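So the structure is just underneath, and the comments pick up after that.
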Amino acid sequence: MTSAAPYRRSPFPAPWRDAGGRFVPLKAVVFGLLLLPALWLLWRTAQHDLGPRPLTELIHQTGLWAFRFLLLSLAVTPLRQMLRYGRLALVRRMIGVASALYAAAHLILYFANHAFNMEKALREIVSSNYLLIGLTALIGLLVLAATSTDGMVRRLGGRRWQALHRVVYLLAPLALWHFFLQAKADVGEPTLMAGLLLWLLGYRLLRRIFPAGTTLPWPGLVALALGSAACTMGGEALYFWLRSGAPWLLVLETNLTVDMGLRPGMAVLLVATGVTLAALTVSIRLARR
């Protein structure tokens with residue numbers, strides 16, 4: 001009877017396998033979910049369901065999903081630590097690479113919209129602040145994706161690799177700025193994303209204040225949730241006041257009603273509070289064991 005052949009590690013391992021070649025259901029599910037937006041856009045393209053300017057819609061959607069996945073990659077560490085679910089670390093790299101790939105598709109489609117006239121496209125990028133900001137963020141994401149492999153970690157060394165990948169804390173605000181500038185009048189989702197990014201970065205600041213391995217104090221997490229929501233509401237009110245002269249107090253008051261739908265500030269509060277309550281529930285269960 002012959003023994004099973006040893007697993008030969010491929011330089012391009014399947015995304016649903018771990019470093020030892022074992023199938024990981026969590027990675028397979030996340031990989032499938034990351035593919036869904038691309039498949040949805042391909043289906044809409046085949047159905048001619050992208051409106052009168054299909055390339056423009058594809059450019060918008062790929063950029064939107066790139067930023068959503070960027071935020072999701074930043075959310076992995078807080079969720080892993082707060083929910084005590086270490087296996088989430090297995091999918092952080094995959095989500096980050098997906099964000100970079102959607103961003104690359106965003107740029108390629110932008111060039112396609114210019115019939116791949118690179119001179120014309122680059123001239124437009126150089127003459128537009130928001131396009132330059134977006135290109136800077138995109139190049140940074142591609143560099144991080146290219147250096148996310150285990151081989152690059154060994155080549156750069158742990159400390160240098162970590163220092164390089166902390167650049168994402170600068171790239172995310174740049175990408176958000178690009179998102180805001182191109183959104184023009186409809187800033188609902190950029191405002192929501194700004195509030196969530198504020199919470200994610202605020203969590204990391206809290207984490208640096210308290211010793212590694214300790215549980216963050218609940219008053220600090222509650223204050224972070226309230227502060228992120230309040231800044232989101234205030235930022236939205238300030239934006240509409242500066243842009244159109246809308247009464248800032250009236251804009252703030254819309255967050256206390258659902259007559260105009262769920263406002264970004266309240267959505268941030270609900271998400272941050274929900275994660276905090278889930279973390280509290282996990283801590284209570286672990287304490288009872």
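Labels for the structure tokens follow display order: chains A, B, ..., residues from 1 in each chain, ligands from 1.
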From the DSSP assignment of the backbone, select every residue of region 11-259 of chain A that is helix (DSSP H, G or I), and format the answer as a VMD selection string. chain A and resid 25 to 46 54 to 82 86 to 113 118 to 127 129 to 146 150 to 156 158 to 165 168 to 183 188 to 209 218 to 244 248 to 256
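For Leu50 (chain A), the list of residues within 12 Å, based on only C-alpha atoms and with local chain neighbours fewer than 5 positions off taken out, reads Trp40, Leu41, Leu42, Trp43, Arg44, Thr45, Leu55, Thr56, Glu57, Leu58, Ile59, His60 and Gln61 of chain A.
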Here is a test: counting only C-alpha atoms, which residue of A:Gly234, A:Gly195, A:Gly245, A:Pro78 is nearest to Leu216 (chain A)?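 Nearest candidate to Leu216 (chain A) out of A:Gly234, A:Gly195, A:Gly245, A:Pro78: A:Pro78.
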Quick one, how far is CA of Leu35 (chain A) from CA of Ala98 (chain A)? 8.6 Å
Report as a list of chain:residue names all protein, DNA and RNA residues lying within 10 Å of Val222 (chain A), evaluated on only C-alpha atoms, omitting residues in the same chain fewer than 4 positions from it.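 That gives A:Pro217, A:Trp218, A:Leu226, A:Gly227, A:Ser228, A:Leu269, A:Ala272, A:Thr273, A:Thr276, A:Leu277.
Shortest atom-to-atom contact with Val268 (chain A) among A:Leu198, A:Leu39, A:Leu205, A:Leu192: A:Leu192, counting only C-alpha atoms.
Note that CA of Phe69 (chain A) and CA of Arg207 (chain A) are 22.3 Å apart.
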May I have the residues within 9 Å of region 80-93 of chain A as a list in words, using only C-alpha atoms and disregarding those fewer than 4 positions away in the same chain? Asp18, Leu26, Lys27, Val30, Phe31, Leu72, Ser73, Leu74, Ala75, Val76, Val97, Ala98, Ala145, Ser148, Thr149, Thr215, Leu216, Val275, Thr276, Ala278, Ala279, Leu280, Thr281, Val282 and Ser283 of chain A
If you keep N, CA, C and O atoms, can you produce a file of those selected residues as a compact mmCIF listing (two decimals), in the first residue's frame?
```
# COMPACT_ATOMS: atom_id res chain seq x y z
N ASP A 18 -5.01 26.53 2.49
CA ASP A 18 -4.08 27.18 3.40
C ASP A 18 -2.65 26.88 2.95
O ASP A 18 -2.43 26.27 1.89
N LEU A 26 -13.87 28.54 4.97
CA LEU A 26 -14.00 29.99 5.13
C LEU A 26 -13.39 30.72 3.94
O LEU A 26 -14.00 31.65 3.38
N LYS A 27 -12.20 30.30 3.52
CA LYS A 27 -11.54 30.96 2.40
C LYS A 27 -12.32 30.74 1.10
O LYS A 27 -12.42 31.64 0.26
N VAL A 30 -15.42 33.08 1.17
CA VAL A 30 -15.04 34.48 0.97
C VAL A 30 -14.60 34.71 -0.47
O VAL A 30 -14.94 35.72 -1.09
N PHE A 31 -13.85 33.75 -1.02
CA PHE A 31 -13.41 33.87 -2.42
C PHE A 31 -14.62 33.97 -3.35
O PHE A 31 -14.66 34.81 -4.27
N LEU A 72 -13.38 46.56 3.94
CA LEU A 72 -13.59 45.23 4.52
C LEU A 72 -12.27 44.61 4.96
O LEU A 72 -12.20 43.96 6.01
N SER A 73 -11.21 44.82 4.18
CA SER A 73 -9.90 44.28 4.57
C SER A 73 -9.41 44.95 5.85
O SER A 73 -8.77 44.30 6.69
N LEU A 74 -9.70 46.24 6.02
CA LEU A 74 -9.31 46.94 7.24
C LEU A 74 -10.18 46.50 8.43
O LEU A 74 -9.76 46.66 9.58
N ALA A 75 -11.35 45.97 8.13
CA ALA A 75 -12.25 45.53 9.21
C ALA A 75 -11.88 44.17 9.77
O ALA A 75 -12.34 43.79 10.84
N VAL A 76 -11.05 43.42 9.06
CA VAL A 76 -10.74 42.06 9.48
C VAL A 76 -10.08 42.03 10.86
O VAL A 76 -10.48 41.27 11.75
N VAL A 97 -6.20 41.84 -1.76
CA VAL A 97 -5.82 41.63 -3.17
C VAL A 97 -7.03 41.85 -4.07
O VAL A 97 -6.91 42.44 -5.16
N ALA A 98 -8.21 41.41 -3.63
CA ALA A 98 -9.43 41.64 -4.42
C ALA A 98 -9.68 43.12 -4.61
O ALA A 98 -10.06 43.58 -5.70
N ALA A 145 -0.58 44.80 -3.00
CA ALA A 145 -1.01 43.49 -3.46
C ALA A 145 0.18 42.67 -3.98
O ALA A 145 0.28 41.47 -3.71
N SER A 148 2.24 41.17 -1.12
CA SER A 148 1.48 40.50 -0.07
C SER A 148 1.80 39.02 0.05
O SER A 148 1.25 38.34 0.92
N THR A 149 2.66 38.50 -0.81
CA THR A 149 2.96 37.07 -0.80
C THR A 149 3.91 36.72 0.34
O THR A 149 4.64 37.57 0.87
N THR A 215 -7.91 43.23 26.60
CA THR A 215 -9.21 43.57 26.03
C THR A 215 -9.44 45.07 26.13
O THR A 215 -9.21 45.66 27.18
N LEU A 216 -9.88 45.66 25.04
CA LEU A 216 -10.15 47.10 25.08
C LEU A 216 -11.32 47.38 26.02
O LEU A 216 -12.30 46.62 26.05
N VAL A 275 -21.32 45.72 16.38
CA VAL A 275 -20.07 44.98 16.55
C VAL A 275 -19.66 44.99 18.03
O VAL A 275 -19.20 43.97 18.57
N THR A 276 -19.83 46.12 18.70
CA THR A 276 -19.47 46.22 20.11
C THR A 276 -20.33 45.28 20.96
O THR A 276 -19.82 44.58 21.85
N ALA A 278 -21.84 42.56 19.89
CA ALA A 278 -21.45 41.18 19.56
C ALA A 278 -20.18 40.79 20.31
O ALA A 278 -20.07 39.67 20.82
N ALA A 279 -19.23 41.72 20.38
CA ALA A 279 -17.99 41.45 21.12
C ALA A 279 -18.27 41.25 22.60
O ALA A 279 -17.67 40.39 23.26
N LEU A 280 -19.18 42.05 23.15
CA LEU A 280 -19.54 41.90 24.57
C LEU A 280 -20.18 40.54 24.82
O LEU A 280 -19.89 39.88 25.82
N THR A 281 -21.04 40.10 23.90
CA THR A 281 -21.68 38.80 24.03
C THR A 281 -20.64 37.68 24.03
O THR A 281 -20.71 36.74 24.83
N VAL A 282 -19.66 37.78 23.12
CA VAL A 282 -18.60 36.77 23.06
C VAL A 282 -17.81 36.76 24.36
O VAL A 282 -17.49 35.68 24.90
N SER A 283 -17.48 37.92 24.89
CA SER A 283 -16.70 37.99 26.14
C SER A 283 -17.47 37.37 27.30
O SER A 283 -16.89 36.66 28.14
```
Considering only C-alpha atoms, return as a PyMOL selection string whatever protein or nucleic-acid residues lie within 12 Å of Ala121 (chain A), sequence-local ones (same chain, fewer than 2 positions apart) excluded. chain A and resi 107-119+123-128+131-132+135
Find the residues around Phe179 (chain A) up to 9 Å (only C-alpha atoms counted), leave out those fewer than 5 positions away in its own chain, and share them as a short mmCIF file (atom, residue, chain, number, x, y, z; two decimals) with N, CA, C and O atoms, in the first residue's frame.
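Result went into part32.cif, see below:
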```
data_model
loop_
_atom_site.label_atom_id
_atom_site.label_comp_id
_atom_site.auth_asym_id
_atom_site.auth_seq_id
_atom_site.Cartn_x
_atom_site.Cartn_y
_atom_site.Cartn_z
N GLY A 63 -14.83 50.73 -9.24
CA GLY A 63 -14.21 51.59 -8.24
C GLY A 63 -14.92 51.51 -6.91
O GLY A 63 -14.28 51.49 -5.84
N LEU A 64 -16.25 51.43 -6.96
CA LEU A 64 -17.04 51.32 -5.74
C LEU A 64 -16.71 50.04 -4.98
O LEU A 64 -16.49 50.06 -3.77
N PHE A 67 -13.26 50.05 -3.27
CA PHE A 67 -13.20 50.75 -1.99
C PHE A 67 -13.95 49.97 -0.90
O PHE A 67 -13.51 49.93 0.25
N TYR A 130 -8.80 65.06 -8.80
CA TYR A 130 -9.42 63.86 -8.24
C TYR A 130 -8.94 62.59 -8.96
O TYR A 130 -8.83 61.51 -8.35
N GLY A 134 -6.91 59.52 -7.18
CA GLY A 134 -7.33 58.14 -7.37
C GLY A 134 -6.21 57.27 -7.92
O GLY A 134 -6.03 56.13 -7.49
N LEU A 174 -7.02 58.54 0.93
CA LEU A 174 -6.87 59.05 -0.44
C LEU A 174 -7.97 58.51 -1.35
O LEU A 174 -8.58 59.25 -2.13
N VAL A 187 -23.60 62.07 -2.13
CA VAL A 187 -22.48 61.75 -1.24
C VAL A 187 -22.92 60.85 -0.08
O VAL A 187 -22.21 60.75 0.92
N PRO A 190 -20.32 57.78 0.14
CA PRO A 190 -19.00 58.25 0.60
C PRO A 190 -19.01 58.71 2.06
O PRO A 190 -18.05 58.47 2.79
#
```
Selected residue, from A:Leu36, A:Ala229, A:Leu242, A:Ala46, that lies nearest to Ala194 (chain A) when counting only C-alpha atoms: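 Closest to Ala194 (chain A) of all the choices is A:Ala229.
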Atomic distance CA of Leu200 (chain A) - CA of Ala137 (chain A), expressed in Å with one decimal: 18.2 Å
